[in-house]
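Chemist: Below you'll find run34.cif; it's mmCIF, C-alpha atoms and all ligand atoms.
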data_structure
loop_
_atom_site.group_PDB
_atom_site.id
_atom_site.type_symbol
_atom_site.label_atom_id
_atom_site.label_comp_id
_atom_site.auth_asym_id
_atom_site.auth_seq_id
_atom_site.Cartn_x
_atom_site.Cartn_y
_atom_site.Cartn_z
ATOM 1 C CA MET T 1105 -22.560 -24.163 -1.131
ATOM 2 C CA GLN T 1106 -21.899 -23.421 -4.783
ATOM 3 C CA ILE T 1107 -18.588 -21.770 -5.627
ATOM 4 C CA PHE T 1108 -18.268 -19.501 -8.660
ATOM 5 C CA ASN T 1109 -14.911 -18.206 -9.883
ATOM 6 C CA LYS T 1110 -16.189 -16.635 -13.090
ATOM 7 C CA ILE T 1111 -18.506 -13.668 -13.583
ATOM 8 C CA MET T 1112 -20.734 -14.840 -16.441
ATOM 9 C CA PRO T 1113 -21.897 -18.175 -14.958
ATOM 10 C CA LEU T 1114 -22.691 -16.404 -11.669
ATOM 11 C CA LYS T 1115 -24.615 -13.669 -13.495
ATOM 12 C CA SER T 1116 -26.791 -16.126 -15.404
ATOM 13 C CA PHE T 1117 -27.372 -18.274 -12.297
ATOM 14 C CA LEU T 1118 -28.520 -15.200 -10.346
ATOM 15 C CA LEU T 1119 -30.644 -13.887 -13.211
ATOM 16 C CA GLU T 1120 -32.634 -17.113 -13.116
ATOM 17 C CA LYS T 1121 -33.123 -16.808 -9.352
ATOM 18 C CA ARG T 1122 -34.130 -13.157 -9.581
ATOM 19 C CA THR T 1123 -36.624 -13.915 -12.340
ATOM 20 C CA ALA T 1124 -38.152 -16.547 -10.061
ATOM 21 C CA GLY T 1125 -38.700 -13.796 -7.455
ATOM 22 C CA ILE T 1126 -35.884 -14.843 -5.119
ATOM 23 C CA SER T 1127 -34.343 -11.988 -3.116
ATOM 24 C CA ILE T 1128 -30.551 -11.742 -3.055
ATOM 25 C CA GLY T 1129 -28.238 -10.523 -0.289
ATOM 26 C CA LEU T 1130 -24.576 -9.681 -0.934
ATOM 27 C CA VAL T 1131 -21.816 -9.736 1.680
ATOM 28 C CA PRO T 1132 -18.593 -8.489 0.041
ATOM 29 C CA THR T 1133 -15.422 -9.507 1.917
ATOM 30 C CA MET T 1134 -11.688 -9.844 1.432
ATOM 31 C CA GLY T 1135 -11.708 -13.169 3.307
ATOM 32 C CA ALA T 1136 -9.856 -14.039 6.541
ATOM 33 C CA LEU T 1137 -13.362 -14.260 7.926
ATOM 34 C CA HIS T 1138 -14.171 -13.578 11.584
ATOM 35 C CA LYS T 1139 -17.222 -13.021 13.774
ATOM 36 C CA GLY T 1140 -17.656 -9.515 12.361
ATOM 37 C CA HIS T 1141 -18.198 -11.015 8.901
ATOM 38 C CA LEU T 1142 -20.480 -13.622 10.432
ATOM 39 C CA SER T 1143 -22.745 -10.933 11.824
ATOM 40 C CA LEU T 1144 -23.132 -9.498 8.277
ATOM 41 C CA ILE T 1145 -23.770 -12.976 6.905
ATOM 42 C CA LYS T 1146 -26.385 -13.779 9.558
ATOM 43 C CA LYS T 1147 -28.234 -10.538 8.772
ATOM 44 C CA SER T 1148 -28.288 -11.428 5.095
ATOM 45 C CA LEU T 1149 -29.431 -15.008 5.739
ATOM 46 C CA ALA T 1150 -32.220 -13.696 7.966
ATOM 47 C CA SER T 1151 -33.553 -11.142 5.486
ATOM 48 C CA CYS T 1152 -32.812 -12.491 1.975
ATOM 49 C CA ASP T 1153 -33.764 -15.759 0.256
ATOM 50 C CA LEU T 1154 -30.288 -16.281 -1.149
ATOM 51 C CA THR T 1155 -26.961 -15.004 0.175
ATOM 52 C CA VAL T 1156 -23.863 -14.422 -1.949
ATOM 53 C CA VAL T 1157 -20.560 -13.951 -0.105
ATOM 54 C CA SER T 1158 -17.637 -12.696 -2.162
ATOM 55 C CA ILE T 1159 -13.997 -13.188 -1.231
ATOM 56 C CA PHE T 1160 -11.559 -11.070 -3.176
ATOM 57 C CA VAL T 1161 -8.501 -9.250 -1.881
ATOM 58 C CA ASN T 1162 -8.911 -6.190 -4.032
ATOM 59 C CA PRO T 1163 -5.527 -4.832 -5.189
ATOM 60 C CA THR T 1164 -6.836 -1.409 -6.251
ATOM 61 C CA GLN T 1165 -7.820 -0.384 -2.723
ATOM 62 C CA PHE T 1166 -4.354 -0.898 -1.215
ATOM 63 C CA ASN T 1167 -2.072 2.096 -1.317
ATOM 64 C CA LYS T 1168 0.900 0.081 -0.023
ATOM 65 C CA GLU T 1169 2.037 -3.027 -1.864
ATOM 66 C CA GLU T 1170 3.407 -4.493 1.353
ATOM 67 C CA ASP T 1171 -0.046 -4.210 2.987
ATOM 68 C CA PHE T 1172 -1.620 -6.018 0.020
ATOM 69 C CA ASN T 1173 1.034 -8.752 0.030
ATOM 70 C CA ASN T 1174 0.650 -9.321 3.778
ATOM 71 C CA TYR T 1175 -3.143 -9.300 3.870
ATOM 72 C CA PRO T 1176 -4.165 -12.524 5.673
ATOM 73 C CA VAL T 1177 -5.513 -15.323 3.467
ATOM 74 C CA THR T 1178 -7.317 -18.249 5.143
ATOM 75 C CA LEU T 1179 -9.332 -19.694 2.261
ATOM 76 C CA GLU T 1180 -9.911 -23.236 3.514
ATOM 77 C CA ALA T 1181 -11.049 -22.030 6.953
ATOM 78 C CA ASP T 1182 -13.259 -19.399 5.257
ATOM 79 C CA LYS T 1183 -14.956 -22.009 3.077
ATOM 80 C CA ALA T 1184 -15.581 -24.319 6.059
ATOM 81 C CA LEU T 1185 -17.117 -21.426 7.994
ATOM 82 C CA LEU T 1186 -19.392 -20.425 5.117
ATOM 83 C CA ILE T 1187 -20.604 -24.005 4.657
ATOM 84 C CA LYS T 1188 -21.336 -24.205 8.394
ATOM 85 C CA GLU T 1189 -23.344 -20.956 8.207
ATOM 86 C CA GLY T 1190 -25.420 -22.329 5.326
ATOM 87 C CA ILE T 1191 -24.261 -19.846 2.678
ATOM 88 C CA ASP T 1192 -25.720 -20.466 -0.787
ATOM 89 C CA ILE T 1193 -23.087 -18.943 -3.042
ATOM 90 C CA LEU T 1194 -19.406 -18.119 -2.670
ATOM 91 C CA PHE T 1195 -17.972 -15.874 -5.389
ATOM 92 C CA MET T 1196 -14.204 -16.158 -5.426
ATOM 93 C CA PRO T 1197 -12.773 -14.609 -8.594
ATOM 94 C CA ASP T 1198 -9.075 -14.054 -9.262
ATOM 95 C CA ALA T 1199 -7.538 -10.685 -10.148
ATOM 96 C CA LYS T 1200 -7.579 -11.422 -13.906
ATOM 97 C CA GLU T 1201 -11.337 -12.044 -13.760
ATOM 98 C CA MET T 1202 -12.071 -8.803 -11.925
ATOM 99 C CA TYR T 1203 -9.452 -6.667 -13.676
ATOM 100 C CA PRO T 1204 -8.740 -8.158 -17.121
ATOM 101 C CA ASP T 1205 -7.024 -4.883 -18.033
ATOM 102 C CA ARG T 1206 -5.156 -2.435 -15.885
ATOM 103 C CA SER T 1207 -7.942 -0.256 -14.519
ATOM 104 C CA LYS T 1208 -7.852 3.390 -15.614
ATOM 105 C CA ILE T 1209 -11.006 4.535 -13.863
ATOM 106 C CA LYS T 1210 -10.590 6.712 -10.802
ATOM 107 C CA LEU T 1211 -13.471 7.602 -8.537
ATOM 108 C CA HIS T 1212 -13.598 10.715 -6.370
ATOM 109 C CA PHE T 1213 -15.827 11.205 -3.386
ATOM 110 C CA GLY T 1214 -15.298 14.912 -2.722
ATOM 111 C CA GLN T 1215 -14.955 15.787 0.938
ATOM 112 C CA LEU T 1216 -14.784 12.081 1.913
ATOM 113 C CA ASP T 1217 -11.470 11.760 0.050
ATOM 114 C CA THR T 1218 -9.897 14.567 2.033
ATOM 115 C CA VAL T 1219 -10.382 13.310 5.593
ATOM 116 C CA LEU T 1220 -9.471 10.280 7.729
ATOM 117 C CA GLU T 1221 -9.004 7.173 5.542
ATOM 118 C CA GLY T 1222 -9.343 9.244 2.376
ATOM 119 C CA LYS T 1223 -6.523 11.542 3.483
ATOM 120 C CA PHE T 1224 -4.151 8.881 4.806
ATOM 121 C CA ARG T 1225 -4.793 6.096 2.254
ATOM 122 C CA LEU T 1226 -4.667 7.942 -1.045
ATOM 123 C CA GLY T 1227 -6.747 6.212 -3.720
ATOM 124 C CA HIS T 1228 -8.217 3.734 -1.230
ATOM 125 C CA PHE T 1229 -11.830 4.748 -1.739
ATOM 126 C CA SER T 1230 -11.418 4.843 -5.499
ATOM 127 C CA GLY T 1231 -10.425 1.157 -5.324
ATOM 128 C CA VAL T 1232 -13.244 0.326 -2.910
ATOM 129 C CA GLY T 1233 -15.750 2.146 -5.138
ATOM 130 C CA LEU T 1234 -14.508 0.335 -8.215
ATOM 131 C CA ILE T 1235 -14.687 -3.181 -6.793
ATOM 132 C CA VAL T 1236 -17.997 -2.613 -5.008
ATOM 133 C CA SER T 1237 -19.507 -1.231 -8.252
ATOM 134 C CA LYS T 1238 -18.305 -4.326 -10.095
ATOM 135 C CA LEU T 1239 -19.801 -6.611 -7.425
ATOM 136 C CA PHE T 1240 -23.082 -4.667 -7.454
ATOM 137 C CA ASN T 1241 -23.236 -5.040 -11.255
ATOM 138 C CA ILE T 1242 -22.420 -8.744 -11.182
ATOM 139 C CA VAL T 1243 -24.674 -9.786 -8.296
ATOM 140 C CA SER T 1244 -27.359 -7.106 -8.559
ATOM 141 C CA PRO T 1245 -28.443 -7.763 -4.973
ATOM 142 C CA ASP T 1246 -31.545 -6.462 -3.231
ATOM 143 C CA LYS T 1247 -29.481 -5.796 -0.114
ATOM 144 C CA ALA T 1248 -25.752 -5.447 0.577
ATOM 145 C CA PHE T 1249 -24.225 -5.656 4.047
ATOM 146 C CA PHE T 1250 -21.256 -3.682 5.404
ATOM 147 C CA GLY T 1251 -19.706 -3.322 8.855
ATOM 148 C CA GLN T 1252 -19.829 -0.095 10.818
ATOM 149 C CA LYS T 1253 -16.151 -0.497 11.730
ATOM 150 C CA ASP T 1254 -15.445 0.897 8.265
ATOM 151 C CA LEU T 1255 -17.689 3.885 8.848
ATOM 152 C CA GLN T 1256 -16.267 6.042 6.075
ATOM 153 C CA GLN T 1257 -16.409 3.123 3.628
ATOM 154 C CA VAL T 1258 -20.141 2.811 4.345
ATOM 155 C CA ALA T 1259 -20.587 6.523 3.551
ATOM 156 C CA VAL T 1260 -18.657 6.085 0.283
ATOM 157 C CA ILE T 1261 -20.744 3.059 -0.706
ATOM 158 C CA LYS T 1262 -24.003 4.836 0.079
ATOM 159 C CA LYS T 1263 -22.865 7.719 -2.145
ATOM 160 C CA LEU T 1264 -21.941 5.305 -4.910
ATOM 161 C CA ASN T 1265 -25.281 3.539 -4.576
ATOM 162 C CA SER T 1266 -27.270 6.743 -4.857
ATOM 163 C CA GLU T 1267 -25.159 8.518 -7.525
ATOM 164 C CA LEU T 1268 -24.891 5.480 -9.783
ATOM 165 C CA THR T 1269 -28.547 4.587 -9.072
ATOM 166 C CA PHE T 1270 -27.890 0.965 -8.117
ATOM 167 C CA GLY T 1271 -31.040 1.061 -5.966
ATOM 168 C CA ILE T 1272 -29.629 -1.436 -3.471
ATOM 169 C CA ASP T 1273 -30.619 -1.420 0.181
ATOM 170 C CA ILE T 1274 -27.291 -0.757 1.971
ATOM 171 C CA ILE T 1275 -27.392 -2.248 5.456
ATOM 172 C CA THR T 1276 -24.876 -1.137 8.099
ATOM 173 C CA VAL T 1277 -24.172 -3.750 10.763
ATOM 174 C CA PRO T 1278 -22.752 -2.764 14.194
ATOM 175 C CA THR T 1279 -19.082 -3.470 14.955
ATOM 176 C CA VAL T 1280 -18.393 -6.790 16.684
ATOM 177 C CA ARG T 1281 -15.797 -6.620 19.478
ATOM 178 C CA ASP T 1282 -13.709 -9.045 21.472
ATOM 179 C CA ALA T 1283 -14.392 -9.141 25.224
ATOM 180 C CA ASP T 1284 -11.648 -6.525 25.820
ATOM 181 C CA GLY T 1285 -13.232 -4.119 23.317
ATOM 182 C CA LEU T 1286 -10.942 -4.650 20.320
ATOM 183 C CA ALA T 1287 -12.972 -4.315 17.118
ATOM 184 C CA LEU T 1288 -12.757 -7.525 15.085
ATOM 185 C CA SER T 1289 -10.714 -7.146 11.929
ATOM 186 C CA SER T 1290 -8.910 -9.532 9.600
ATOM 187 C CA ARG T 1291 -5.758 -7.538 10.314
ATOM 188 C CA ASN T 1292 -5.906 -8.534 14.022
ATOM 189 C CA LYS T 1293 -4.674 -11.963 12.888
ATOM 190 C CA ARG T 1294 -1.287 -10.389 12.163
ATOM 191 C CA LEU T 1295 -0.765 -8.842 15.616
ATOM 192 C CA THR T 1296 1.924 -10.364 17.848
ATOM 193 C CA THR T 1297 0.857 -11.458 21.348
ATOM 194 C CA ASP T 1298 2.198 -8.201 22.808
ATOM 195 C CA GLN T 1299 0.554 -6.045 20.155
ATOM 196 C CA ARG T 1300 -2.732 -7.895 20.680
ATOM 197 C CA LYS T 1301 -2.555 -7.039 24.404
ATOM 198 C CA LEU T 1302 -2.039 -3.366 23.569
ATOM 199 C CA ALA T 1303 -4.601 -3.103 20.766
ATOM 200 C CA PRO T 1304 -7.732 -2.557 22.941
ATOM 201 C CA ILE T 1305 -6.270 0.850 23.803
ATOM 202 C CA LEU T 1306 -7.959 2.170 20.661
ATOM 203 C CA TYR T 1307 -11.407 1.331 22.017
ATOM 204 C CA GLN T 1308 -10.434 2.569 25.509
ATOM 205 C CA ILE T 1309 -9.401 5.927 24.070
ATOM 206 C CA LEU T 1310 -12.666 6.155 22.125
ATOM 207 C CA THR T 1311 -14.826 5.326 25.159
ATOM 208 C CA GLU T 1312 -12.889 7.642 27.514
ATOM 209 C CA THR T 1313 -13.000 10.483 25.001
ATOM 210 C CA LYS T 1314 -16.708 9.904 24.470
ATOM 211 C CA SER T 1315 -17.519 10.113 28.182
ATOM 212 C CA SER T 1316 -15.371 13.243 28.683
ATOM 213 C CA LEU T 1317 -17.143 14.932 25.786
ATOM 214 C CA ILE T 1318 -20.576 13.867 26.967
ATOM 215 C CA SER T 1319 -19.811 15.295 30.413
ATOM 216 C CA GLY T 1320 -19.224 18.648 28.722
ATOM 217 C CA GLU T 1321 -15.420 18.935 28.642
ATOM 218 C CA ASP T 1322 -13.816 21.056 25.932
ATOM 219 C CA ILE T 1323 -13.375 19.042 22.720
ATOM 220 C CA GLN T 1324 -9.910 20.434 21.848
ATOM 221 C CA ILE T 1325 -8.550 19.667 25.330
ATOM 222 C CA VAL T 1326 -10.101 16.196 25.447
ATOM 223 C CA MET T 1327 -8.757 15.230 22.013
ATOM 224 C CA LYS T 1328 -5.287 16.547 22.836
ATOM 225 C CA HIS T 1329 -5.280 14.620 26.104
ATOM 226 C CA ALA T 1330 -6.251 11.402 24.251
ATOM 227 C CA ARG T 1331 -3.558 11.880 21.572
ATOM 228 C CA ASP T 1332 -0.916 12.637 24.225
ATOM 229 C CA LYS T 1333 -1.938 9.578 26.230
ATOM 230 C CA ILE T 1334 -1.179 7.286 23.303
ATOM 231 C CA ALA T 1335 2.057 9.061 22.432
ATOM 232 C CA GLU T 1336 3.402 9.133 25.998
ATOM 233 C CA ASN T 1337 2.525 5.658 27.186
ATOM 234 C CA ASN T 1338 2.845 3.581 24.085
ATOM 235 C CA PRO T 1339 5.925 4.247 21.972
ATOM 236 C CA GLU T 1340 5.171 1.113 19.935
ATOM 237 C CA ILE T 1341 1.848 2.535 18.761
ATOM 238 C CA GLU T 1342 1.844 5.254 16.157
ATOM 239 C CA LEU T 1343 -1.388 7.196 16.156
ATOM 240 C CA GLU T 1344 -2.351 8.291 12.655
ATOM 241 C CA TYR T 1345 -5.501 10.177 13.552
ATOM 242 C CA LEU T 1346 -8.100 10.678 16.228
ATOM 243 C CA GLU T 1347 -10.842 12.889 14.872
ATOM 244 C CA ASP T 1348 -14.483 13.670 15.344
ATOM 245 C CA ILE T 1349 -16.594 13.673 12.210
ATOM 246 C CA SER T 1350 -20.134 14.786 11.774
ATOM 247 C CA LYS T 1351 -22.620 13.635 9.187
ATOM 248 C CA HIS T 1352 -26.074 15.159 9.151
ATOM 249 C CA GLN T 1353 -26.995 15.209 12.837
ATOM 250 C CA GLU T 1354 -24.617 12.476 13.980
ATOM 251 C CA ILE T 1355 -21.119 12.789 15.395
ATOM 252 C CA SER T 1356 -18.615 9.927 15.563
ATOM 253 C CA LEU T 1357 -15.101 9.579 16.915
ATOM 254 C CA CYS T 1358 -12.682 7.831 14.552
ATOM 255 C CA ILE T 1359 -9.212 6.491 15.250
ATOM 256 C CA ALA T 1360 -6.428 4.868 13.201
ATOM 257 C CA ALA T 1361 -3.089 3.656 14.528
ATOM 258 C CA TYR T 1362 -0.132 1.562 13.492
ATOM 259 C CA PHE T 1363 1.178 -1.330 15.564
ATOM 260 C CA ASN T 1364 4.463 -1.552 13.679
ATOM 261 C CA GLU T 1365 3.239 -1.960 10.099
ATOM 262 C CA ILE T 1366 -0.213 -3.244 11.044
ATOM 263 C CA ARG T 1367 -2.814 -0.551 10.761
ATOM 264 C CA LEU T 1368 -6.015 -0.764 12.804
ATOM 265 C CA ILE T 1369 -9.050 1.503 12.739
ATOM 266 C CA ASP T 1370 -12.080 1.901 14.958
ATOM 267 C CA ASN T 1371 -14.906 4.353 15.595
ATOM 268 C CA LEU T 1372 -17.595 5.106 18.102
ATOM 269 C CA PHE T 1373 -20.871 6.899 17.625
ATOM 270 C CA LEU T 1374 -20.876 9.907 19.915
ATOM 271 C CA PHE T 1375 -24.257 11.579 19.837
ATOM 272 C CA SER T 1376 -26.830 13.345 17.743
ATOM 273 C CA ARG T 1377 -26.802 17.120 17.568
HETATM 274 O O1 LIG M 1401 -14.505 -4.017 3.780
HETATM 275 C C1 LIG M 1401 -13.900 -4.794 3.000
HETATM 276 O O2 LIG M 1401 -13.557 -5.925 3.332
HETATM 277 C C2 LIG M 1401 -13.566 -4.309 1.599
HETATM 278 O O3 LIG M 1401 -13.239 -2.971 1.593
HETATM 279 C C3 LIG M 1401 -14.681 -4.614 0.575
HETATM 280 C C4 LIG M 1401 -15.961 -3.846 0.892
HETATM 281 C C5 LIG M 1401 -14.964 -6.113 0.544
HETATM 282 C C6 LIG M 1401 -14.231 -4.195 -0.833
HETATM 283 O O4 LIG M 1401 -13.084 -4.877 -1.226
#
Will you turn the file into structure tokens for me?
Ligand code: PAF
Modeler:
Amino acid sequence: MQIFNKIMPLKSFLLEKRTAGISIGLVPTMGALHKGHLSLIKKSLASCDLTVVSIFVNPTQFNKEEDFNNYPVTLEADKALLIKEGIDILFMPDAKEMYPDRSKIKLHFGQLDTVLEGKFRLGHFSGVGLIVSKLFNIVSPDKAFFGQKDLQQVAVIKKLNSELTFGIDIITVPTVRDADGLALSSRNKRLTTDQRKLAPILYQILTETKSSLISGEDIQIVMKHARDKIAENNPEIELEYLEDISKHQEISLCIAAYFNEIRLIDNLFLFSR
């Protein structure tokens, strides 16, 4: 595995490969890699000649400094995992390389900024859009891989890709779960043993709500019941939102909750209209 910390050497290396007709897959990450990341990586390895994984904890997408400072970093384990998977290139820039000057650009995604993550993490998608645009420009991949756990992020990136005419094939990879249903996330590493035991409640709520809705129960009543269930039985969990969102013909249920200061999200595809 070749490691690049600087943009220009990576760009010229990839230009040579591209000119030789080699297809490039990009898996952008913030590190603290887990099986969810591995599923993205495996998809890229299977469908592209060369896979670039990036690890960069992007400061501009955090709306709370404390969340940024506490984001798990497991660089040595990440590198070992990537070598084992047979990754070609690891791009691991520092903040100065990615943001030589304080960034002034703000991106807006219309309706997407006003709901769910956009509503509760002000400026988050602007930061995601900025860093993903930079990575797209640097790597210029044929395909880029993102996890469905961050459903709204995928929508934002697809918008970015089409509006800024990157022309990249954006591949959404299904959420990977632990045996008890908890969606894999780097943030799970920060949960205490007790919080970890409680955390699958998010997936339980999603699956229960889904089956009630599919069996024809009233959506307002079902959602209220689910919200009350969390509030009544789990004082240590603070539900931020449980909402249904529709895009084109598809409807998904999305949830976000705090376990003390650790914020977890999840979603479940409901059905097509
Ligand atoms: O999903 C993530 O890990 C991040 O939001 C991403 C896409 C790597 C951008 O920093």
Chemist: Please compute the CA of Ile1355 (chain T)-CA of Gly1214 (chain T) distance, one decimal, in Å.
Modeler: 19.1 Å
Chemist: Pick out the residues sitting within 7 Å of region 1109-1118 of chain T, and hand them over as a list in words; count only C-alpha atoms, and ignore anything fewer than 3 positions along from it in its own chain.
Modeler: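 The filter keeps Lys1121, Arg1122, Phe1195, Met1196, Pro1197, Glu1201, Ile1242 and Val1243 of chain T.
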Chemist: To one decimal place in Å, what is the distance between CA of Leu1144 (chain T) and CA of Val1131 (chain T)?
Modeler: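 Separating CA of Leu1144 (chain T) from CA of Val1131 (chain T) is a distance of 6.7 Å.
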Chemist: Hey, which residues come within 6 Å of ligand LIG 1401 (chain M) if we count all atoms listed in the file? Could you give them as a ChimeraX atom specification?
Modeler: /T:1132-1134,1162,1232,1236
Chemist: Got a sec: who's within 12 Å of Pro1176 (chain T), counting only C-alpha atoms, leaving out chain neighbours fewer than 3 positions off, as a VMD selection string?
Modeler: chain T and resid 1134 to 1138 1160 to 1161 1170 to 1173 1179 1181 to 1182 1289 to 1295 1366
Chemist: The PyMOL selection byres (((chain T and resi 1275) around 7) and not hetatm) on the file shown: which residues, as a ChimeraX atom specification?
Modeler: /T:1247-1250,1273-1274,1276-1277
Chemist: In terms of the shortest atom-to-atom distance over all atoms listed in the file, which of T:Glu1347, T:Asp1254, T:Asp1205, T:Glu1365 is closest to Thr1313 (chain T)?
Modeler: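 Counting all atoms listed in the file, the residue closest to Thr1313 (chain T) is T:Glu1347.
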Chemist: Running the PyMOL selection byres (((chain T and resi 1305) around 10) and not hetatm) on this model by hand, what would come out? Give it as number ranges by chain.
Modeler: T: 1284-1286, 1300-1304, 1306-1311, 1334, 1338, 1341
Chemist: Using all atoms listed in the file, which of T:Ile1193, T:Ala1361, T:Leu1288, T:Met1327 sits nearest Glu1340 (chain T)?
Modeler: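 Using all atoms listed in the file, the shortest distance to Glu1340 (chain T) belongs to T:Ala1361.
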Chemist: Compare T:Tyr1362, T:Ala1184, T:Met1105, T:Thr1218 by their minimum atom-to-atom distance to Ala1335 (chain T), counting only C-alpha atoms, and give me the closest one.
Modeler: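 Ranked by minimum distance to Ala1335 (chain T), first place goes to T:Tyr1362.
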Chemist: From the list T:Arg1281, T:Lys1314, T:Lys1168, T:Lys1333, which residue is nearest Gly1251 (chain T) when using only C-alpha atoms?
Modeler: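 For Gly1251 (chain T), the nearest of the candidates is T:Arg1281.
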Chemist: Would you translate the PyMOL selection byres (((chain T and resi 1351) around 12) and not hetatm) into the concrete set of residues it matches in this file, as an NGL selection string?
Modeler: :T and (1215-1216 or 1255-1256 or 1259 or 1348-1350 or 1352-1357 or 1373-1377)
Chemist: Interatomic distance between CA of Val1326 (chain T) and CA of Gln1257 (chain T)?
Modeler: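 Separation of CA of Val1326 (chain T) and CA of Gln1257 (chain T): 26.2 Å.
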Chemist: Would you please work out which residue, of T:Asn1265, T:Thr1297, T:Ser1237, T:Ser1158, is nearest to Phe1363 (chain T) when using only C-alpha atoms?
Modeler: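 Among the listed residues, the smallest separation from Phe1363 (chain T) belongs to T:Thr1297.
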Chemist: Using all atoms of region 1305-1314 of chain T that appear in the file, construct an axis-aligned enclosing box with 8 Å of padding on every side and provide its centre coordinates and edge lengths in Å, rounded to one decimal, as lines of an AutoDock Vina configuration file.
Modeler:
center_x = -11.5
center_y = 5.7
center_z = 24.1
size_x = 26.4
size_y = 25.6
size_z = 22.9
Chemist: List as a PDB file with C-alpha atoms, in the coordinates of the input the protein and nucleic acid residues near His1228 (chain T), meaning an atom at most 9 Å away when all atoms listed in the file are counted, but skip any in the same chain fewer than 5 places from it.
Modeler:
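In the end it all went to out_15.pdb:
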ATOM      1  CA  THR T1164      -6.836  -1.409  -6.251  1.00  0.00           C
ATOM      2  CA  GLN T1165      -7.820  -0.384  -2.723  1.00  0.00           C
ATOM      3  CA  PHE T1166      -4.354  -0.898  -1.215  1.00  0.00           C
ATOM      4  CA  ASN T1167      -2.072   2.096  -1.317  1.00  0.00           C
ATOM      5  CA  ASP T1217     -11.470  11.760   0.050  1.00  0.00           C
ATOM      6  CA  GLU T1221      -9.004   7.173   5.542  1.00  0.00           C
ATOM      7  CA  GLY T1222      -9.343   9.244   2.376  1.00  0.00           C
ATOM      8  CA  GLY T1233     -15.750   2.146  -5.138  1.00  0.00           C
TER       9      GLY T1233
END
Chemist: Given the choices T:Thr1296, T:Ser1148, T:Phe1213, T:Glu1120, which gets closest to Lys1262 (chain T) if the distance is worked out from only C-alpha atoms?
Modeler: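 Selected residue with least distance to Lys1262 (chain T): T:Phe1213.
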Chemist: Write out as a PyMOL selection string each polymer residue whose atoms come within 9 Å of Ser1151 (chain T), counting all atoms listed in the file; drop sequence neighbours fewer than 5 positions from it.
Modeler: chain T and resi 1127+1129+1146+1247
Chemist: Which neighbours of Arg1206 (chain T) fall inside 12 Å, counting all atoms listed in the file, when residues of the same chain fewer than 6 positions from it are skipped, and could you give them as a list in words?
Modeler: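 With the cut-off at 12 Å, the set is Pro1163, Thr1164, Ala1199 and Lys1200 of chain T.
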Chemist: Any chance you could export the current selection's C-alpha atoms as a CSV table (one decimal), keeping the file's coordinate frame?
Modeler:
chain,number,residue,atom,x,y,z
T,1163,PRO,CA,-5.5,-4.8,-5.2
T,1164,THR,CA,-6.8,-1.4,-6.3
T,1199,ALA,CA,-7.5,-10.7,-10.1
T,1200,LYS,CA,-7.6,-11.4,-13.9
Chemist: What would region 1122-1134 of chain T look like with N, CA and C atoms restored, written as a short mmCIF file (atom, residue, chain, number, x, y, z; two decimals), in the frame of the given file?
Modeler:
data_model
loop_
_atom_site.label_atom_id
_atom_site.label_comp_id
_atom_site.auth_asym_id
_atom_site.auth_seq_id
_atom_site.Cartn_x
_atom_site.Cartn_y
_atom_site.Cartn_z
N ARG T 1122 -33.43 -14.44 -9.70
CA ARG T 1122 -34.13 -13.16 -9.58
C ARG T 1122 -35.46 -13.20 -10.34
N THR T 1123 -35.41 -13.81 -11.53
CA THR T 1123 -36.62 -13.92 -12.34
C THR T 1123 -37.68 -14.76 -11.62
N ALA T 1124 -37.21 -15.70 -10.82
CA ALA T 1124 -38.15 -16.55 -10.06
C ALA T 1124 -38.62 -15.85 -8.77
N GLY T 1125 -38.22 -14.59 -8.59
CA GLY T 1125 -38.70 -13.80 -7.46
C GLY T 1125 -37.91 -14.01 -6.17
N ILE T 1126 -36.72 -14.58 -6.31
CA ILE T 1126 -35.88 -14.84 -5.12
C ILE T 1126 -35.07 -13.60 -4.77
N SER T 1127 -35.11 -13.19 -3.51
CA SER T 1127 -34.34 -11.99 -3.12
C SER T 1127 -32.89 -12.37 -2.81
N ILE T 1128 -31.99 -11.44 -3.15
CA ILE T 1128 -30.55 -11.74 -3.06
C ILE T 1128 -29.85 -10.77 -2.11
N GLY T 1129 -29.06 -11.34 -1.19
CA GLY T 1129 -28.24 -10.52 -0.29
C GLY T 1129 -26.78 -10.71 -0.67
N LEU T 1130 -26.02 -9.61 -0.61
CA LEU T 1130 -24.58 -9.68 -0.93
C LEU T 1130 -23.76 -9.26 0.28
N VAL T 1131 -22.78 -10.10 0.63
CA VAL T 1131 -21.82 -9.74 1.68
C VAL T 1131 -20.42 -9.73 1.04
N PRO T 1132 -19.93 -8.54 0.65
CA PRO T 1132 -18.59 -8.49 0.04
C PRO T 1132 -17.52 -8.56 1.13
N THR T 1133 -16.52 -9.40 0.93
CA THR T 1133 -15.42 -9.51 1.92
C THR T 1133 -14.09 -9.66 1.18
N MET T 1134 -13.02 -9.53 1.96
CA MET T 1134 -11.69 -9.84 1.43
C MET T 1134 -11.18 -11.11 2.11
#
